[in-house]
Amino acid sequence: MVHRVSGIALALFLPLHFWALSRALEGEAQLDAFLAWTRDPLVKAAEWGIVLALAAHFAGGLRVLALEFLPWRDWQKTLTAGAAALTVAAGLAFALAL
Amino acid sequence: MLWIAQRASAAALGVCVVVHLAVVMYAVQGGLSAAEILGRTRGNAAWFAFYSFFVLAVTVHTPIGLRAILIEWLGWRGPSRTGFLVIVTALLASMGMRAVLAVFS
């Protein structure tokens with residue numbers, strides 16, 4: 001369930017992300033205007049949601065791959081996925097200084 | 001076929017996401033500006049190739065994942081679902097490559 005909801009969130013985010021970057025085609029000023037918009041607290045909150053979705057989906061995906069391809073026990077896969085989610089979320093939060 | 005494509009694209013995306021995060025962490029140091037970003041990215045063939053591959057993996061992975069959700073949650077089958085997913089695929093590929101071209105070419 002978490003994997004699916006986070007996947008849908010990412011699928012909705014990607015076109016927006018691509019659209020934002022494409023604004024560079026219209027000149028640097030357009031991209032700068034977008035970057036200024038991303039400093040809005042509401043946008044920051046949305047970014048935080050995407051950070052969580054990416055971390056959750058990344059970790060869930062690693063878990064699925066481990067379940068299907070590695071001879072690990074269930075609790076090991078869950079622990080690994082949890083650790084990966086925490087690592088990615090912390091790394092991203094730091095990177096984006098949210 | 002779809003099962004293999006989904007696992008292969010997942011593995012590729014796992015690597016791409018880690019590399020992308022490292023790039024983001026490097027790029028955001030000292031704040032972001034269009035001049036700074038584009039000054040580093042434009043004309044960089046290696047990163048153009050990497051992000052084109054990233055877009056390809058996303059374009060494979062997203063519609064297959066959505067397909068499973070559409071079937072299991074909505075029971076949506078048949079040509080209309082396939083048509084919808086073809087549109088999603090085309091949008092992701094075109095918007096993704098437009099973004100890559102905007103930033104790297």
# chains A, B, ... in the order shown; residues from 1 in each chain; ligands from 1
$ interface_residues --of "chain A" --to "chain B" --cutoff "6 Å" --atoms "only C-alpha atoms" --output "number ranges by chain"
A: 18, 21-22, 24-25, 28, 31-32, 95
$ write_last_selection --atoms "C-alpha atoms" --output "PDB file, in the first residue's frame"
ATOM      1  CA  PHE A  18      10.007  17.914 -16.045  1.00  0.00           C
ATOM      2  CA  LEU A  21      13.144  22.136 -15.815  1.00  0.00           C
ATOM      3  CA  SER A  22      11.833  22.739 -19.341  1.00  0.00           C
ATOM      4  CA  ALA A  24      15.039  26.770 -18.927  1.00  0.00           C
ATOM      5  CA  LEU A  25      14.245  26.563 -22.653  1.00  0.00           C
ATOM      6  CA  GLU A  28      17.242  31.734 -17.352  1.00  0.00           C
ATOM      7  CA  LEU A  31      13.850  29.163 -14.419  1.00  0.00           C
ATOM      8  CA  ASP A  32      14.847  31.720 -11.767  1.00  0.00           C
ATOM      9  CA  ALA A  95      20.400  18.020   0.774  1.00  0.00           C
TER      10      ALA A  95
END
$ residues_around --residues "A:Ala84" --least-positions-apart "4" --cutoff "8 Å" --atoms "only C-alpha atoms" --output "list in words"
Ala55, Phe58, Ala59, Thr80 and Val88 of chain A
$ residues_around --residues "stretch 8-13 of chain A" --least-positions-apart "2" --cutoff "8 Å" --atoms "only C-alpha atoms" --output "tab-separated table (two decimals) with N, CA and C atoms, in the first residue's frame"
chain	number	residue	atom	x	y	z
A	4	ARG	N	2.53	1.69	-3.27
A	4	ARG	CA	1.64	2.16	-4.34
A	4	ARG	C	1.31	3.64	-4.21
A	5	VAL	N	0.97	4.05	-3.00
A	5	VAL	CA	0.61	5.46	-2.80
A	5	VAL	C	1.82	6.35	-3.12
A	6	SER	N	3.01	5.94	-2.65
A	6	SER	CA	4.21	6.74	-2.93
A	6	SER	C	4.52	6.72	-4.43
A	15	PRO	N	5.85	14.76	-14.01
A	15	PRO	CA	5.54	15.73	-15.08
A	15	PRO	C	5.77	17.17	-14.63
A	16	LEU	N	5.46	17.48	-13.37
A	16	LEU	CA	5.68	18.83	-12.85
A	16	LEU	C	7.18	19.15	-12.81
A	17	HIS	N	7.96	18.16	-12.37
A	17	HIS	CA	9.41	18.31	-12.30
A	17	HIS	C	9.99	18.56	-13.70
A	50	ILE	N	7.31	14.82	-1.13
A	50	ILE	CA	7.96	14.09	-2.24
A	50	ILE	C	9.21	13.36	-1.75
A	53	ALA	N	7.98	10.33	-0.10
A	53	ALA	CA	7.48	9.37	-1.09
A	53	ALA	C	8.64	8.68	-1.81
A	54	LEU	N	9.68	9.46	-2.15
A	54	LEU	CA	10.82	8.87	-2.84
A	54	LEU	C	11.54	7.87	-1.93
B	62	THR	N	7.21	3.65	-14.70
B	62	THR	CA	5.97	4.30	-14.22
B	62	THR	C	4.70	3.68	-14.83
B	66	LEU	N	1.73	1.81	-12.75
B	66	LEU	CA	0.36	2.33	-12.80
B	66	LEU	C	-0.61	1.27	-13.32
$ closest_residue --among "B:Ile64, B:Ala57, B:Val15, B:Ile87" --to "B:Leu2" --atoms "only C-alpha atoms"
B:Ile64
$ atom_distance --atom1 "atom CA of B:Phe53" --atom2 "atom CA of A:Ala56"
22.5 Å
